Amino acid sequence: YNTADPVDGIDNDGDGYTDNYFGWNMASNNNDVYGPGALHGTFVAGIASAQNDNMMDGAGVGFKTKFLPIRCSTNGASIINGERGIIYAADHSCVAVNCSWGGFGPSQFSQDAVDYATFTRNCLVVAAAGNNNDEARFFPASYQHVISIAGSNQTDNKWSGSSFGSLVDLSTPGDLIYSIYVGDSSAMIYSGGTSEAAPQATAGAALVKKQFPFLSAMQIGERLRVTSDDIDTVTGNAPYFHKLGKGRMNLYRALTDSAKSVRAFDIRITDTNDDAFGLNDTLRISAVFTNYLSSLSNLNIKLTTNSSFITFIDSTFN
């Protein structure tokens with residue numbers, strides 16, 4: 001609760017939102033964060049932060065994790081001003097913001113919102129990779145600096161509907177997930193999808209921040225990623241090799257392991273001519289490599305391919 005701004009018709013804390021004691025409704029620009037009926041957001045929030053030992057059922061992944069409600073929908077079926085929701089979360093000191101929503105149209109404003117949250121406000125953006133069972137780029141999960149979450153099942157295989165691809169960072173369980181349902185009476189139900197997978201990683205980010213308070217948003221995401229358990233070798237995942245992220249989240253390892261991480265960003269490919277790649281073209285690949293965690297020395301970068309149509313002129317760099 002935002003105790004600096006009680007519900008009295010005055011913007012007591014001067015943040016531009018009047019009476020945002022419970023959070024804010026970005027869709028309607030008011031302080032009504034409660035939705036009509038059994039909303040997706042309530043279920044997702046329970047996965048991240050349902051109170052432990054609650055005398056009912058279930059428990060959120062984030063042990064005693066605080067939750068800030070930000071509503072971005074009028075009817076529970078479409079997202080309105082999702083980017084502004086990310087910015088609001090970042091401006092109100094959230095460690096991480098969960099985006100169990102998305103679509104197929106990228107925008108610069110959305111990328112700017114992610115970058116603002118990540119680098120200006122030190123708030124990690126976590127997003128569902130999508131439930132399309134394909135490699136189509138889904139946003140905000142596919143923006144740079146977002147931790148994109150695929151769904152796995154009880155045997156560490158890809159959940160049947162989960163999207164996948166090279167832009168996925170991490171997998172978490174997304175099949176038969178138990179959480180809060182609000183209907184005629186409060187109850188718990190099962191559901192599945194990458195919307196249910198993402199809040200587990202978001203809650204994990206909060207736990208990592210508590211354990212390592214000096215880590216930046218990107219470092220928290222990298223720690224979750226590189227301490228995950230490899231599931232590429234699980235038999236059913238053979239068609240998705242290197243397309244389910246670094247692995248399936250392992251929170252114990254995220255909180256205890258000594259972790260190393262180097263990532264490539266701003267990858268650019270050009271033929272130094274017309275950039276219309278064709279037969280016998282020589283391509284130049286450039287990237288910015290960033291070390292996020294433990295100190296490293298003698299780092300080597302190696303380019304590899306499974307394609308018989310590509311020959312490397314230079315493939316190893318120190």
# chains A, B, ... in the order shown; residues from 1 in each chain; ligands from 1
$ residues_around --residues "range 234-244 of chain A" --least-positions-apart "4" --cutoff "12 Å" --atoms "only C-alpha atoms" --output "PyMOL selection string"
chain A and resi 129+133-136+148-160+162-173+194+225+228-230+248-249+306
$ select_by_dssp --residues "range 12-250 of chain A" --states "helix (DSSP H, G or I)" --output "ChimeraX atom specification"
/A:40-49,82-91,108-120,194-211,217-226,235-240
$ residues_around --residues "Thr65 in chain A" --least-positions-apart "4" --cutoff "9 Å" --atoms "only C-alpha atoms" --output "PyMOL selection string"
chain A and resi 48-51+60-61+203+206-207
$ closest_residue --among "A:Glu196, A:Asp11, A:Asp257, A:Asp115" --to "Cys99 in chain A" --atoms "only C-alpha atoms"
A:Glu196
$ closest_residue --among "A:Asp5, A:Tyr21, A:Val44, A:Ala127" --to "Ser191 in chain A" --atoms "only C-alpha atoms"
A:Val44
$ residues_around --residues "Asn29 in chain A" --least-positions-apart "2" --cutoff "12 Å" --atoms "only C-alpha atoms" --output "PyMOL selection string"
chain A and resi 16-20+23-27+31-33+70-74+80-81+84-85+88
